[in-house]
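One structure is given below, encoded as structure tokens.
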Amino acid sequence: MNSVIAYITFRGMLGRRRALLLFLLPAVLLLLSIVLRVTGHSDLDTATALLMQFGLGALLPLLALLAGTGVIAPEIDDGQIMYLLTKPIARPVISTTKFLVAVVLVIAFGVLPIFVSAVIMNGMTANLATGFAAGALVGGIAYCALFIAIAVLSRFAVTIGLIYALVWENLLARYASGAKTLSIRQWAISVTDMITNATAVKADVGTATAVPLLIVLTVAGVVFAGWKLRTLSITGTD
Amino acid sequence: MTSVIHDIGYRHYDGPRLGRGYAVRSLFVHNLRAAYGLGRPAKAKIMPFLLFAIMLLPAAISVAITAFSASAGLGKSLPLIRYSAYAVYLQPLIAIFLAAQAPVLASRDLRFHVTPLYFSRPLSRLDYVLAKYGAVATALLILLATPVTIVFIGALATEQKHLDTHTVQFLAALGGCVIFALVLGGIGLVVAAFTPRRGFGVTAVMAVYLLSSAAVASVQGIAESQTRFGIARWAGLFTPFDLVDGVQVWALRLKQSAPEPPPSGLGGPVFTLACAAIVAGSLAILYLRFRKAGAQ
């Protein structure tokens with residue numbers, strides 16, 4: 001953990017137009033939940049559907065992709081990372097700091113809005129809000145670790161991350177249920193299911209599988225990013 | 001003191017001037033090639049061709065299964081994928097292709113500040129924008145129409161019943177592909193043109209697709225369960241794939257592939273107008289965006 005790198009990364013993430021998207025994504029969720037609340041359609045099943053489909057299904061992976069790749073990929077692209085790598089700072093410290101920044105951003109712009117949205121719709125009924133917040137938290141951390149590892153590995157990190165989140169977790173999981181076992185979204189739902197009493201939350205993966213896999217993926221992603229950063233080569237394709 | 005202009009031997013160009021039309025055509029071809037990574041390093045070719053290959057896979061599998069079940073004589077042969085449903089079923093892939101490749105065309109000229117070089121040629125701002133738009137739309141059309149054509153060839157090869165209906169449906173679906181290409185290309189280019197930083201444009205285009213479709217899907221699901229079918233149908237207006245599918249249903253008389261059909265009565269014309277507005281609006285926004293692009 002290095003506070004200067006963390007500060008610079010935060011500034012890079014929040015100081016540009018990128019920040020607009022960070023604010024816009026949770027705003028849509030909050031807006032939808034307020035509309036549901038005001039029109040009186042915010043029963044437990046509806047709230048669950050919105051949080052599952054929109055919160056965990058779209059908002060969380062997208063935010064984690066934006067944060068997880070955004071903290072490091074642009075610097076690798078334009079070569080600025082060299083100025084960081086030539087400082088006497090251990091490479092794993094650099095990548096871990098950037099990973100933590102991404103996690104903080106996901107918590108601020110993803111986990112908190114999901115919690116608030118659940119509270120708006122249902123209060124604290126059936127532990128729905130805490131359940132989804134916990135699921136989003138562990139899912140968000142795992143997504144960040146995965147995406148930061150991909151960002152160090154490839155210049156097409158965003159596209160690869162999208163293919164994983166959309167084709168694997170969405171398209172393939174719909175037809176081949178085996179794909180669900182290796183899906184961060186399903187692990188997050190599993191953690192949510194453990195905490196909430198709402199019957200509409202049904203996990204396809206048991207917690208006994210999901211929790212170890214979440215931990216393994218997160219640790220592996222962070223370690224890999226630090227290890228890979230030691231042998232990084234900078235070449236352009238544009 | 002008299003000044004003299006010395007002839008120091010510069011020669012001026014006497015060859016043919018190919019003019020504006022040629023410049024537009026060159027720009028179009030260059031951008032179309034760039035959309036598939038042709039003329040760029042091998043690494044830039046991986047993604048578009050990988051996505052193109054995945055896009056063809058379901059068509060090939062569908063034809064293979066139908067051909068196999070027909071030849072094995074399993075009684076009734078399994079139907080092929082519907083032509084007009086192909087784009088709707090595989091929309092995540094199409095959206096990823098658009099998100100990955102639209103910034104290649106729209107962002108790089110802005111990021112490296114080379115638009116003044118283009119505009120110092122006999123090429124107007126509108127020509128430039130039209131060439132880019134045309135290139136994106138054509139690239140998408142290739143992506144969308146190739147698998148549909150494969151399915152149709154499969155239908156011909158396996159001698160499906162009612163081949164005349166097949167032909168009509170296929171041609172109508174090709175029309176649908178053109179509308180898909182125009183609408184999606186416009187949205188993708190506009191978003192990418194405002195996010196010149198590498199990688200960010202991809203996420204921004206994707207965010208527009210993913211947020212609109214996820215929000216609409218949730219609203220539709222909720223409206224269905226509250227038996228508000230009108231709201232569920234009108235909601236399709238706000239996500240590109242449902243929108244174009246609505247036009248396919250209304251204008252091209254095809255079967256609905258999106259979760260909800262367009263609202264009856266006024267719905268079809270409104271959906272069609274919305275498509276036209278997206279195409280015209282994105283052209284206008286792109287024109288305004290690139291008009292002063294060199295100034296920064």
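Labels for the structure tokens follow display order: chains A, B, ..., residues from 1 in each chain, ligands from 1.
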
Can you check which parts of chain B lie within 10 Å of chain A? Per residue, the shortest pair of atoms and distance in Å to one decimal, counting only C-alpha atoms, sorted by chain and number, as CSV.
```
residue,atom,partner,partner_atom,distance
B:Arg40,CA,A:Thr237,CA,7.8
B:Pro41,CA,A:Thr237,CA,6.4
B:Ala42,CA,A:Thr237,CA,8.8
B:Lys43,CA,A:Thr237,CA,7.2
B:Ala44,CA,A:Thr237,CA,7.0
B:Ile46,CA,A:Phe156,CA,9.7
B:Met47,CA,A:Thr159,CA,8.0
B:Leu51,CA,A:Ile163,CA,9.4
B:Tyr89,CA,A:Leu171,CA,9.0
B:Leu90,CA,A:Leu171,CA,8.2
B:Gln91,CA,A:Leu171,CA,9.5
B:Pro92,CA,A:Leu166,CA,6.2
B:Leu93,CA,A:Val167,CA,7.1
B:Ala95,CA,A:Leu162,CA,9.8
B:Ile96,CA,A:Thr159,CA,6.9
B:Phe97,CA,A:Thr159,CA,8.6
B:Ala99,CA,A:Thr159,CA,8.1
B:Ala100,CA,A:Thr159,CA,6.3
B:Gln101,CA,A:Thr159,CA,9.9
B:Val104,CA,A:Asp238,CA,8.7
B:Arg108,CA,A:Asp238,CA,7.9
B:Phe112,CA,A:Asp238,CA,9.9
B:Phe194,CA,A:Arg17,CA,9.4
B:Thr195,CA,A:Arg17,CA,7.9
B:Arg197,CA,A:Pro74,CA,7.9
B:Arg198,CA,A:Pro74,CA,6.8
B:Gly199,CA,A:Val158,CA,6.4
B:Phe200,CA,A:Arg18,CA,7.3
B:Gly201,CA,A:Arg18,CA,9.5
B:Val202,CA,A:Val158,CA,6.9
B:Thr203,CA,A:Leu66,CA,6.6
B:Ala204,CA,A:Leu21,CA,7.5
B:Met206,CA,A:Leu162,CA,8.3
B:Ala207,CA,A:Leu62,CA,7.0
B:Val208,CA,A:Leu25,CA,9.7
B:Leu210,CA,A:Ala58,CA,6.4
B:Leu211,CA,A:Ala58,CA,6.7
B:Ser212,CA,A:Val28,CA,9.6
B:Ser213,CA,A:Ala58,CA,9.2
B:Ala214,CA,A:Phe54,CA,5.5
B:Ala215,CA,A:Phe54,CA,6.4
B:Val216,CA,A:Phe54,CA,9.5
B:Ala217,CA,A:Gln53,CA,8.0
B:Ser218,CA,A:Leu50,CA,5.7
B:Val219,CA,A:Leu50,CA,8.1
B:Gly221,CA,A:Ala49,CA,8.0
B:Ile222,CA,A:Thr46,CA,6.2
B:Ala223,CA,A:His41,CA,9.2
B:Ser225,CA,A:Thr46,CA,8.6
B:Gln226,CA,A:His41,CA,8.1
```

Expected file: the selected residues, N, CA and C atoms, as a short mmCIF file (atom, residue, chain, number, x, y, z; two decimals), in the first residue's frame:
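Wrote it out as out05.cif, contents follow:
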```cif
data_model
loop_
_atom_site.label_atom_id
_atom_site.label_comp_id
_atom_site.auth_asym_id
_atom_site.auth_seq_id
_atom_site.Cartn_x
_atom_site.Cartn_y
_atom_site.Cartn_z
N ARG B 40 -3.59 -3.13 -39.94
CA ARG B 40 -3.07 -2.80 -38.63
C ARG B 40 -2.37 -4.03 -38.07
N PRO B 41 -1.64 -3.89 -36.96
CA PRO B 41 -0.87 -5.04 -36.48
C PRO B 41 -1.74 -6.25 -36.18
N ALA B 42 -1.10 -7.41 -36.12
CA ALA B 42 -1.84 -8.67 -35.93
C ALA B 42 -2.68 -8.63 -34.66
N LYS B 43 -2.16 -7.95 -33.63
CA LYS B 43 -2.89 -7.91 -32.37
C LYS B 43 -4.25 -7.23 -32.52
N ALA B 44 -4.33 -6.26 -33.43
CA ALA B 44 -5.59 -5.54 -33.63
C ALA B 44 -6.60 -6.39 -34.38
N ILE B 46 -7.07 -9.69 -33.79
CA ILE B 46 -7.55 -10.82 -32.98
C ILE B 46 -9.02 -10.63 -32.59
N MET B 47 -9.31 -9.50 -31.94
CA MET B 47 -10.65 -9.29 -31.38
C MET B 47 -11.75 -9.30 -32.44
N LEU B 51 -14.54 -12.32 -32.58
CA LEU B 51 -15.97 -12.08 -32.39
C LEU B 51 -16.76 -12.50 -33.64
N TYR B 89 -30.87 -12.63 -30.63
CA TYR B 89 -30.34 -13.67 -29.73
C TYR B 89 -28.88 -13.39 -29.37
N LEU B 90 -28.10 -12.93 -30.34
CA LEU B 90 -26.66 -12.78 -30.12
C LEU B 90 -26.28 -11.34 -29.81
N GLN B 91 -27.23 -10.58 -29.25
CA GLN B 91 -26.95 -9.15 -29.08
C GLN B 91 -25.74 -8.84 -28.20
N PRO B 92 -25.42 -9.62 -27.16
CA PRO B 92 -24.21 -9.26 -26.40
C PRO B 92 -22.96 -9.25 -27.27
N LEU B 93 -22.86 -10.25 -28.17
CA LEU B 93 -21.67 -10.31 -29.03
C LEU B 93 -21.59 -9.12 -29.96
N ALA B 95 -22.93 -6.23 -29.48
CA ALA B 95 -22.62 -5.04 -28.70
C ALA B 95 -21.13 -4.99 -28.35
N ILE B 96 -20.53 -6.14 -28.05
CA ILE B 96 -19.10 -6.14 -27.73
C ILE B 96 -18.30 -5.76 -28.97
N PHE B 97 -18.69 -6.30 -30.12
CA PHE B 97 -17.99 -5.94 -31.36
C PHE B 97 -18.06 -4.44 -31.59
N ALA B 99 -18.66 -2.11 -29.36
CA ALA B 99 -17.93 -1.38 -28.32
C ALA B 99 -16.43 -1.45 -28.55
N ALA B 100 -15.96 -2.61 -29.04
CA ALA B 100 -14.52 -2.76 -29.22
C ALA B 100 -14.03 -2.00 -30.45
N GLN B 101 -14.85 -1.93 -31.51
CA GLN B 101 -14.35 -1.40 -32.77
C GLN B 101 -14.78 0.04 -33.06
N VAL B 104 -12.11 2.44 -32.27
CA VAL B 104 -10.99 2.37 -33.21
C VAL B 104 -11.19 3.40 -34.31
N ARG B 108 -9.45 7.44 -32.42
CA ARG B 108 -8.02 7.59 -32.66
C ARG B 108 -7.67 8.90 -33.34
N PHE B 112 -5.11 11.55 -31.42
CA PHE B 112 -3.81 11.95 -31.96
C PHE B 112 -3.89 13.27 -32.73
N PHE B 194 -17.06 10.92 -28.12
CA PHE B 194 -16.94 11.79 -26.97
C PHE B 194 -16.02 11.22 -25.89
N THR B 195 -15.46 10.04 -26.14
CA THR B 195 -14.58 9.42 -25.15
C THR B 195 -13.30 8.97 -25.84
N ARG B 197 -10.24 8.67 -24.92
CA ARG B 197 -9.20 7.90 -24.24
C ARG B 197 -9.37 6.41 -24.49
N ARG B 198 -8.23 5.76 -24.68
CA ARG B 198 -8.26 4.34 -25.04
C ARG B 198 -8.87 3.51 -23.91
N GLY B 199 -9.68 2.55 -24.28
CA GLY B 199 -10.26 1.67 -23.27
C GLY B 199 -11.53 2.26 -22.68
N PHE B 200 -11.55 3.54 -22.48
CA PHE B 200 -12.72 4.16 -21.87
C PHE B 200 -13.89 4.17 -22.84
N GLY B 201 -13.59 4.43 -24.12
CA GLY B 201 -14.65 4.42 -25.12
C GLY B 201 -15.37 3.08 -25.16
N VAL B 202 -14.60 2.00 -25.04
CA VAL B 202 -15.18 0.65 -25.05
C VAL B 202 -16.20 0.53 -23.91
N THR B 203 -15.76 0.93 -22.71
CA THR B 203 -16.66 0.82 -21.56
C THR B 203 -17.88 1.71 -21.73
N ALA B 204 -17.68 2.90 -22.28
CA ALA B 204 -18.79 3.83 -22.40
C ALA B 204 -19.85 3.29 -23.36
N MET B 206 -20.33 0.21 -24.13
CA MET B 206 -20.93 -0.95 -23.48
C MET B 206 -21.91 -0.52 -22.40
N ALA B 207 -21.57 0.53 -21.68
CA ALA B 207 -22.44 1.00 -20.60
C ALA B 207 -23.79 1.41 -21.17
N VAL B 208 -23.77 2.10 -22.31
CA VAL B 208 -25.04 2.52 -22.92
C VAL B 208 -25.89 1.31 -23.25
N LEU B 210 -25.57 -1.89 -22.08
CA LEU B 210 -25.89 -2.77 -20.95
C LEU B 210 -26.90 -2.12 -20.03
N LEU B 211 -26.71 -0.82 -19.76
CA LEU B 211 -27.62 -0.13 -18.85
C LEU B 211 -29.01 -0.07 -19.45
N SER B 212 -29.08 0.31 -20.76
CA SER B 212 -30.41 0.44 -21.35
C SER B 212 -31.11 -0.91 -21.38
N SER B 213 -30.37 -1.96 -21.78
CA SER B 213 -31.07 -3.25 -21.89
C SER B 213 -31.41 -3.81 -20.52
N ALA B 214 -30.51 -3.65 -19.53
CA ALA B 214 -30.82 -4.19 -18.20
C ALA B 214 -31.97 -3.41 -17.56
N ALA B 215 -31.96 -2.08 -17.73
CA ALA B 215 -33.04 -1.28 -17.15
C ALA B 215 -34.37 -1.64 -17.80
N VAL B 216 -34.36 -1.76 -19.14
CA VAL B 216 -35.61 -2.08 -19.83
C VAL B 216 -36.09 -3.48 -19.45
N ALA B 217 -35.14 -4.44 -19.35
CA ALA B 217 -35.54 -5.80 -19.00
C ALA B 217 -36.16 -5.82 -17.60
N SER B 218 -35.59 -5.06 -16.65
CA SER B 218 -36.17 -5.06 -15.30
C SER B 218 -37.55 -4.41 -15.33
N VAL B 219 -37.65 -3.27 -16.03
CA VAL B 219 -38.95 -2.58 -16.09
C VAL B 219 -40.00 -3.49 -16.73
N GLY B 221 -40.00 -6.80 -16.86
CA GLY B 221 -40.33 -7.90 -15.96
C GLY B 221 -41.31 -7.45 -14.89
N ILE B 222 -41.04 -6.28 -14.32
CA ILE B 222 -41.89 -5.77 -13.25
C ILE B 222 -43.27 -5.42 -13.80
N ALA B 223 -43.29 -4.75 -14.97
CA ALA B 223 -44.58 -4.35 -15.55
C ALA B 223 -45.41 -5.58 -15.91
N SER B 225 -45.38 -8.47 -14.35
CA SER B 225 -45.94 -9.08 -13.15
C SER B 225 -47.06 -8.22 -12.57
N GLN B 226 -47.10 -6.93 -12.94
CA GLN B 226 -48.19 -6.07 -12.49
C GLN B 226 -49.28 -5.98 -13.55
#
```

For segment 116-128 of chain B, please output as a count of residues only all residues within 12 Å (counting only C-alpha atoms; exclusion window: fewer than 5 positions along the same chain).
-> 35

Of the residues B:Val247, B:Ala192, B:Ala102, B:Leu252, which is the one nearest to Val270 of chain B, using only C-alpha atoms?
->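 Comparing B:Val247, B:Ala192, B:Ala102, B:Leu252 against Val270 of chain B, the winner is B:Val247.
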
Segment 191-206 of chain A surroundings by only C-alpha atoms, 9 Å radius, close-in-sequence under 5 positions cut, as a ChimeraX atom specification = /A:44-45,48-49,52,125-136,138-139,177,180-181,186,211

Could you jot down the atom CA of Gly246 of chain B to atom CA of Thr138 of chain B separation for me, Å, one decimal place?
-> 21.7 Å

Excluding segment 95-103 of chain A and any residue of its chain fewer than 6 positions from it, enumerate the residues within 7 Å of it, using only C-alpha atoms, and give them as an MDAnalysis selection string.
-> chainID A and resid 1:2 6 9:10 67:68 71 141 144:145 148 222 225:226

Written selection (N, CA and C atoms) as a short mmCIF file (atom, residue, chain, number, x, y, z; two decimals), in the first residue's frame:
```cif
data_model
loop_
_atom_site.label_atom_id
_atom_site.label_comp_id
_atom_site.auth_asym_id
_atom_site.auth_seq_id
_atom_site.Cartn_x
_atom_site.Cartn_y
_atom_site.Cartn_z
N MET A 1 0.84 -1.21 0.00
CA MET A 1 0.00 0.00 0.00
C MET A 1 0.86 1.25 0.00
N ASN A 2 0.66 2.10 -0.97
CA ASN A 2 1.46 3.31 -1.08
C ASN A 2 0.52 4.48 -1.27
N ALA A 6 -1.90 5.68 -4.47
CA ALA A 6 -3.35 5.66 -4.28
C ALA A 6 -3.95 7.02 -4.62
N THR A 9 -3.90 7.64 -8.36
CA THR A 9 -4.89 6.81 -9.06
C THR A 9 -6.30 7.34 -8.85
N PHE A 10 -6.60 7.73 -7.61
CA PHE A 10 -7.91 8.32 -7.34
C PHE A 10 -8.13 9.54 -8.21
N ALA A 67 -13.55 0.35 -13.08
CA ALA A 67 -12.57 0.66 -12.04
C ALA A 67 -11.36 -0.26 -12.15
N GLY A 68 -11.61 -1.58 -12.30
CA GLY A 68 -10.51 -2.54 -12.28
C GLY A 68 -9.53 -2.34 -13.41
N VAL A 71 -7.86 1.73 -13.39
CA VAL A 71 -6.80 2.16 -12.49
C VAL A 71 -5.42 1.90 -13.08
N ILE A 141 -15.24 -7.23 -5.20
CA ILE A 141 -13.82 -7.44 -4.92
C ILE A 141 -13.25 -8.48 -5.88
N CYS A 144 -12.92 -7.05 -9.37
CA CYS A 144 -11.78 -6.14 -9.45
C CYS A 144 -10.49 -6.92 -9.59
N ALA A 145 -10.32 -7.98 -8.76
CA ALA A 145 -9.10 -8.77 -8.82
C ALA A 145 -8.94 -9.41 -10.19
N ILE A 148 -8.20 -6.59 -12.91
CA ILE A 148 -6.88 -5.98 -12.82
C ILE A 148 -5.83 -6.97 -13.33
N VAL A 222 -4.87 -10.89 -7.53
CA VAL A 222 -3.97 -9.86 -7.00
C VAL A 222 -2.53 -10.32 -7.10
N ALA A 225 -1.37 -10.24 -10.75
CA ALA A 225 -1.12 -8.88 -11.25
C ALA A 225 0.24 -8.38 -10.77
N GLY A 226 0.55 -8.62 -9.51
CA GLY A 226 1.85 -8.18 -8.98
C GLY A 226 3.00 -8.90 -9.64
#
```
